[in-house]
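Notes to accompany the following structure.
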Amino acid sequence: MSNNKEFEQEIEFLKRTNKGLRYSLEEMSLFQHMAKGISAAKDESSIIGEFISIIKTYWDYKGFVCYDLDFKTLDFVPSYSGVIDSDFIYNNFDVNPSILTWILNEKQISTLPAKSSENSKLSLLLIPLATVTKLLGVLSVVIEADADDLLTMQTLEILNLAAGYVSTSMENSILYGDICNKNIHLEHMRAFTSDILESLNNGIITFNMEREITHINQNAVAMFGITEVNPVNQSYLDVLPPAIAELTHLLFEQTVKDGFVIDYQIDFELSGGIVLPYGVSTSLLRDESNKLLGMTLVARDMTASKELERLRSLDRLKDDFVSTVSHELRSPLATMKAYIDTLMNRVEADDIETRDMFLKTIETEANRLATLVENMLDIASIESGKISLELQYMHVNEIIESVAKLCQVQTVKHKIIIDIADNLPKINLDKDRMTQVMHNIVNNAIKYSPDGGDITIQVKEMKSAIYISVEDNGLGIKEDDLKQLFNKFFRVDSMKTSNIGGTGLGLAIVKKLVELHGGKINITSEYEKGSIFTVILPVQS
Amino acid sequence: MENEPPKIDLKRIIDSISGLPTLPVVITKVTKLMQNPKVSAAEIAQAISSDQALASKILKIVNSSFYGFPSRIKTITHAIVILGFNSIKATAMSASIFSSFSGEDKDSIFDMEGFWSHSIGVGAASKILAKRLKMKEVEEAFLAGLMHDLGKVILDQYMHKPFSRILDIVKTKKCLISEAEKIVLGGHTHADIGALLVQKWNLNPEFVAIIKDHNAPTSASDYFKITSVVHVADAFIRAMDIGNPGDDLIPKINPGAWNELNINPVSLPQIFKEISEEVKKTEIFFKMTAS
Amino acid sequence: MPEITIDKARPGMFVTKQVENDKGMVLLPAGSVLNEALIARLTKWGVQSVVYRSDGEDAQSAGTESKPKVLDAEVTKRLEERFSPIIDDPVMKTVFEALKSFLENEDQE
């Protein structure tokens, strides 16, 4: 009949297991609820408090002492305690620093039985507090119970889990505490906060003197493409991409020396090949006693910055200028050279006809060059403010008439019509410069009416100003181009205009010169219909 | 005709062997007890204590540098609460396996001492790697490493003739022992034999899988990661010239397994150092030979 | 100033000279106290040695200078022999290099 007995025992055991497993589920959810309490707790003592309340569910709790690991001396120092103190623990249990060290190194929860048999009802729970990167300390809890009986596999599991939560929460709270009260002066805190508020679009990283990241905002994570899930407390070398790490290294040195760095420009390549210009600024962090705490780094995305745009467009212009000018210079030079070569080597000495033709071409090109150089010099002097007008009190009529005559001579296809009002007042003009202005405008009118037509120059007085308008029926100007017309080196780019020569400097010079006279220049135009350029010059009283 | 691969039904052969070592009753009991998450330390200790020889071996091991606990552990119960349930279960199993197999066999043609040295080494290395990779199953890794080559012992003690032919081939061809085994055993190796044995013992399917696949880990397995650990540990221990696995070669590490572990090459020298130190700690197991 | 190889570094050691990587980037400023995490990080970054000053027990080993790394010829030969059939495999090559480095350091103990 012993078989029956074994059988019964088996059944009993299975029943127990079943019951045990069912309880497990319930306890797991209870645990989860409690664990939330741990994670939500913000400071060391409340974290431990939450943890102790979990322990109280399972055992008869007698007290605790939390030992913090001192990094410098590697000693265990009692920090928080409840009900009992460190002496109580040392008196009742065979515990020593090497055991605590072992617990921490193995990251294993252990129980020590009481030393003497009087207190054999007491047990000491030793819980290691450590995160992935840091060893924090050991939490020792005294419970009244014969732990041998009450410590089950499951409770160990739960304790291990809870201990893990505790460690992480502790570390978070230490950080939080640092930032809130302990190490950063309130002033810095306010400045720091307002910086944050202001720089909502900027990336902010703070480092301690060991160059570990103590704070990093989401923008920085995005701006630098940081993949590390938990960058706080890690070395900048482990978290930042190599280019930024190098920059940080550089800036750290400089910041310690100078106290700050402003807008250090770097181009940062994000994944996907996008390159963004960043302006990086740093400043030192100090505490009340002026001790160095670390460095703050602020990264500004400068693509949105208008200033940069301007710099960029100027750069572009300069590039354009260099390429345009080189082209424009090279072209006549090349032509001249070609003709001169041929003239010297191929053309017969007595072939006067060919010789004359060649020489004429050479002369034209030379003139082109000269004009270009003139224009460039002009612009340069105007820009640098070196130009000054030689003003004469005169009628504008002279200028108009002479320009019209000059231009008419150069074109057969076009008819230049002058319409000057009577009794126009004299005004102060620089004769040569204004001639240059009008010549340029009328010339443009001719150039951009390739099919010929009328060019009407009208001069009248209105609202104490002289209005000089030049109207053509040529190609006209697109609205988009209108905005840029007066920009240096701007040339309308289209099939129809591609073979019209010019440097793009003319109108820029014109505008400048008109403005020097205290005047303005306007354009109205309709694409493919024509344009009207109006120069408005003030009449002085 | 040695060129013809003999058709071999390995399972039938293993099943037919009489006197094949079994796991002590205690181990089976402890495993069962631990299925109940509410089982207490005292209950487990009681079960273990029914086998006095095993209990004293366990106490020797827990007090050795293997665990390095800086204080004397006096009872099995204390051992369980201080070191943990899993540790004690693994220790009990290791001690049992050693006792079952390490007896002096006069017919043995195999370097048993070298074999155990290698096995313990792989156990230690697996433990170190599992720890480094922050895996939960550190004890399991140790056990699996310890047991991974048990098939060779079966061959030596229960399949003498084929085994001596295998060793001859290793000598002449200078190949890996698995290669020689495949020739003689129709494509099977000690890994298959070990897996069958451990299956007979009703051990966790994890162990069956690891032992079976340790030479060629496959990502199709549920236990790919821990198998890779033992696989790499085996290669490391061979490279470190610890013990005698039956041949003198270092196999190429399976690239899939290597990637799975994702070890930073910079930390390799340190890993070797830790393995070397851990191996020294496991020498206590030699004192566990059948006494 | 005692200098030790990184594998001999222990928590609690006080670093007296700033630790740089081979690019000259400062990994650890002078005056830092080593702990587990720092030592692991330095190792990860391939730091070979640190200059330190200890406040106590390690003072005895302060006298030892790092000996030149020369492995026993026998050991080297055997290692190279055993690895030669597989050295073309990149993983095994890495293992070989690491093992050699470990053995060289072990030799000095």
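Going by the structure tokens order, chains are called A, B, ..., each with residues numbered from 1, while ligands are numbered from 1 in the order shown.
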Chain C contacts to chain B at 9 Å (only C-alpha atoms) as a list in words: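 Written out as asked, the residues are Asp7, Ala40, Thr43, Lys44, Trp45, Gly46, Leu79, Arg82, Phe83, Pro85, Ile86, Asp89, Val91, Met92, Thr94, Val95, Phe96, Glu97, Ala98, Leu99, Lys100, Ser101, Phe102, Leu103 and Glu106 of chain C.
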Expected file: the selected residues, N, CA, C and O atoms, as a CSV table (one decimal), in the first residue's frame:
```csv
chain,number,residue,atom,x,y,z
C,7,ASP,N,45.1,46.5,-17.0
C,7,ASP,CA,44.5,45.3,-16.3
C,7,ASP,C,44.8,45.2,-14.9
C,7,ASP,O,44.2,44.4,-14.1
C,40,ALA,N,36.6,49.9,-16.7
C,40,ALA,CA,36.0,49.2,-17.9
C,40,ALA,C,36.0,50.1,-19.1
C,40,ALA,O,36.3,49.7,-20.2
C,43,THR,N,39.5,50.5,-20.5
C,43,THR,CA,39.9,49.3,-21.2
C,43,THR,C,39.2,49.3,-22.5
C,43,THR,O,39.8,49.0,-23.6
C,44,LYS,N,37.9,49.6,-22.5
C,44,LYS,CA,37.2,49.6,-23.8
C,44,LYS,C,37.8,50.5,-24.8
C,44,LYS,O,37.8,50.3,-26.0
C,45,TRP,N,38.3,51.7,-24.3
C,45,TRP,CA,38.9,52.6,-25.2
C,45,TRP,C,40.4,52.3,-25.5
C,45,TRP,O,41.1,53.1,-26.1
C,46,GLY,N,40.8,51.1,-25.2
C,46,GLY,CA,42.1,50.7,-25.6
C,46,GLY,C,43.3,51.3,-24.9
C,46,GLY,O,44.4,51.3,-25.3
C,79,LEU,N,51.5,28.8,-30.0
C,79,LEU,CA,50.3,29.6,-30.3
C,79,LEU,C,50.2,29.8,-31.8
C,79,LEU,O,49.1,29.5,-32.3
C,82,ARG,N,49.3,26.6,-33.7
C,82,ARG,CA,48.0,26.1,-33.6
C,82,ARG,C,47.0,27.0,-34.3
C,82,ARG,O,45.9,26.5,-34.7
C,83,PHE,N,47.4,28.3,-34.4
C,83,PHE,CA,46.4,29.2,-35.1
C,83,PHE,C,46.7,29.3,-36.6
C,83,PHE,O,45.8,29.8,-37.3
C,85,PRO,N,46.4,27.3,-39.2
C,85,PRO,CA,45.4,26.9,-40.2
C,85,PRO,C,44.2,27.8,-40.2
C,85,PRO,O,43.4,27.7,-41.2
C,86,ILE,N,44.0,28.6,-39.2
C,86,ILE,CA,42.7,29.3,-39.2
C,86,ILE,C,42.9,30.8,-39.2
C,86,ILE,O,42.0,31.6,-39.1
C,89,ASP,N,40.9,33.5,-41.1
C,89,ASP,CA,39.6,33.9,-40.7
C,89,ASP,C,39.7,35.1,-39.8
C,89,ASP,O,40.3,35.1,-38.8
C,91,VAL,N,37.7,36.6,-37.6
C,91,VAL,CA,37.3,36.4,-36.2
C,91,VAL,C,38.5,35.7,-35.5
C,91,VAL,O,38.9,36.2,-34.4
C,92,MET,N,39.0,34.7,-36.0
C,92,MET,CA,40.1,33.9,-35.4
C,92,MET,C,41.3,34.8,-35.2
C,92,MET,O,42.1,34.6,-34.3
C,94,THR,N,41.4,38.0,-34.8
C,94,THR,CA,41.1,38.8,-33.6
C,94,THR,C,41.4,38.1,-32.3
C,94,THR,O,42.0,38.6,-31.4
C,95,VAL,N,40.8,36.9,-32.3
C,95,VAL,CA,41.0,36.1,-31.1
C,95,VAL,C,42.5,35.8,-30.8
C,95,VAL,O,43.0,35.9,-29.7
C,96,PHE,N,43.2,35.5,-31.9
C,96,PHE,CA,44.7,35.3,-31.8
C,96,PHE,C,45.4,36.5,-31.2
C,96,PHE,O,46.2,36.3,-30.2
C,97,GLU,N,45.1,37.7,-31.7
C,97,GLU,CA,45.8,38.9,-31.3
C,97,GLU,C,45.5,39.1,-29.8
C,97,GLU,O,46.4,39.4,-29.0
C,98,ALA,N,44.2,38.9,-29.4
C,98,ALA,CA,43.8,39.2,-28.0
C,98,ALA,C,44.5,38.2,-27.1
C,98,ALA,O,44.9,38.6,-26.0
C,99,LEU,N,44.5,36.9,-27.5
C,99,LEU,CA,45.1,35.9,-26.7
C,99,LEU,C,46.6,36.2,-26.4
C,99,LEU,O,47.1,36.1,-25.3
C,100,LYS,N,47.2,36.6,-27.5
C,100,LYS,CA,48.6,36.9,-27.5
C,100,LYS,C,48.8,38.1,-26.4
C,100,LYS,O,49.7,38.0,-25.6
C,101,SER,N,48.0,39.1,-26.6
C,101,SER,CA,48.1,40.2,-25.7
C,101,SER,C,47.9,39.8,-24.2
C,101,SER,O,48.6,40.2,-23.3
C,102,PHE,N,46.9,38.9,-24.0
C,102,PHE,CA,46.6,38.5,-22.6
C,102,PHE,C,47.8,37.7,-22.1
C,102,PHE,O,48.3,37.9,-21.0
C,103,LEU,N,48.4,36.8,-22.9
C,103,LEU,CA,49.5,36.0,-22.5
C,103,LEU,C,50.7,36.8,-22.2
C,103,LEU,O,51.5,36.6,-21.2
C,106,GLU,N,50.2,38.3,-18.8
C,106,GLU,CA,50.2,37.3,-17.8
C,106,GLU,C,51.6,36.9,-17.4
C,106,GLU,O,51.9,36.7,-16.3
```
Exercise answer, chain B residues close to chain A, 6 Å and only C-alpha atoms, as a PyMOL selection string: chain B and resi 36-42+70+81-82
Quick one: contact table of chain A to chain C, 10 Å max, nearest atom pair and distance in Å to one decimal per residue, counting only C-alpha atoms, chain and number order, as a Markdown table?
```
| residue | atom | partner | partner_atom | distance |
| --- | --- | --- | --- | --- |
| A:Asp70 | CA | C:Gly12 | CA | 9.7 |
| A:Phe71 | CA | C:Asn35 | CA | 6.8 |
| A:Lys72 | CA | C:Gly12 | CA | 5.6 |
| A:Thr73 | CA | C:Gly12 | CA | 6.3 |
| A:Leu74 | CA | C:Gly12 | CA | 6.6 |
| A:Asn105 | CA | C:Glu36 | CA | 10.0 |
| A:Val132 | CA | C:Ala37 | CA | 9.1 |
| A:Thr133 | CA | C:Ala37 | CA | 5.8 |
| A:Lys134 | CA | C:Ala37 | CA | 6.4 |
| A:Leu135 | CA | C:Glu36 | CA | 8.3 |
| A:Met209 | CA | C:Pro29 | CA | 8.0 |
| A:Glu210 | CA | C:Leu28 | CA | 6.3 |
| A:Arg211 | CA | C:Leu28 | CA | 7.9 |
| A:Glu212 | CA | C:Leu28 | CA | 9.8 |
| A:Gln234 | CA | C:Arg41 | CA | 9.6 |
| A:Ser235 | CA | C:Leu27 | CA | 8.2 |
| A:Tyr236 | CA | C:Leu27 | CA | 9.0 |
| A:Leu237 | CA | C:Leu27 | CA | 7.6 |
| A:Asp238 | CA | C:Arg41 | CA | 8.7 |
| A:Ala245 | CA | C:Met25 | CA | 8.9 |
| A:Glu246 | CA | C:Met25 | CA | 7.4 |
| A:Thr248 | CA | C:Met25 | CA | 9.8 |
| A:His249 | CA | C:Met25 | CA | 6.6 |
| A:Leu250 | CA | C:Met25 | CA | 8.8 |
| A:Glu253 | CA | C:Val26 | CA | 9.9 |
```
Every residue of stretch 67-196 of chain B that DSSP places in helix (DSSP H, G or I), as a count of residues only: 94
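Residues lying within 8 Å of B:Ala95, counting only C-alpha atoms and ignoring same-chain neighbours fewer than 6 positions away, are Leu54, Lys57, Ile58, Phe285 and Met288 of chain B.
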Can you write just those residues out, N, CA and C atoms, as an mmCIF file, in the first residue's frame?
```
data_model
loop_
_atom_site.group_PDB
_atom_site.id
_atom_site.type_symbol
_atom_site.label_atom_id
_atom_site.label_comp_id
_atom_site.auth_asym_id
_atom_site.auth_seq_id
_atom_site.Cartn_x
_atom_site.Cartn_y
_atom_site.Cartn_z
ATOM 1 N N LEU B 54 26.516 13.800 -1.380
ATOM 2 C CA LEU B 54 26.310 14.963 -2.230
ATOM 3 C C LEU B 54 26.298 16.243 -1.395
ATOM 4 N N LYS B 57 29.690 17.371 -0.505
ATOM 5 C CA LYS B 57 30.394 17.916 -1.674
ATOM 6 C C LYS B 57 29.931 19.342 -1.946
ATOM 7 N N ILE B 58 28.618 19.531 -1.848
ATOM 8 C CA ILE B 58 28.072 20.868 -2.107
ATOM 9 C C ILE B 58 28.649 21.875 -1.118
ATOM 10 N N PHE B 285 36.534 21.505 -8.221
ATOM 11 C CA PHE B 285 35.743 20.381 -8.687
ATOM 12 C C PHE B 285 36.551 19.099 -8.828
ATOM 13 N N MET B 288 36.214 16.708 -6.272
ATOM 14 C CA MET B 288 34.915 16.066 -6.185
ATOM 15 C C MET B 288 34.901 14.688 -6.818
#
```
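With only C-alpha atoms taken into account, the protein and nucleic acid residues at most 12 Å from A:Lys115 (excluding it and anything under 6 positions from it in its own chain) are Phe88, Ile89, Tyr90, Asn91, Asn92, Phe93, Asp94, Val95, Lys121, Leu122, Ser123 and Leu124 of chain A.
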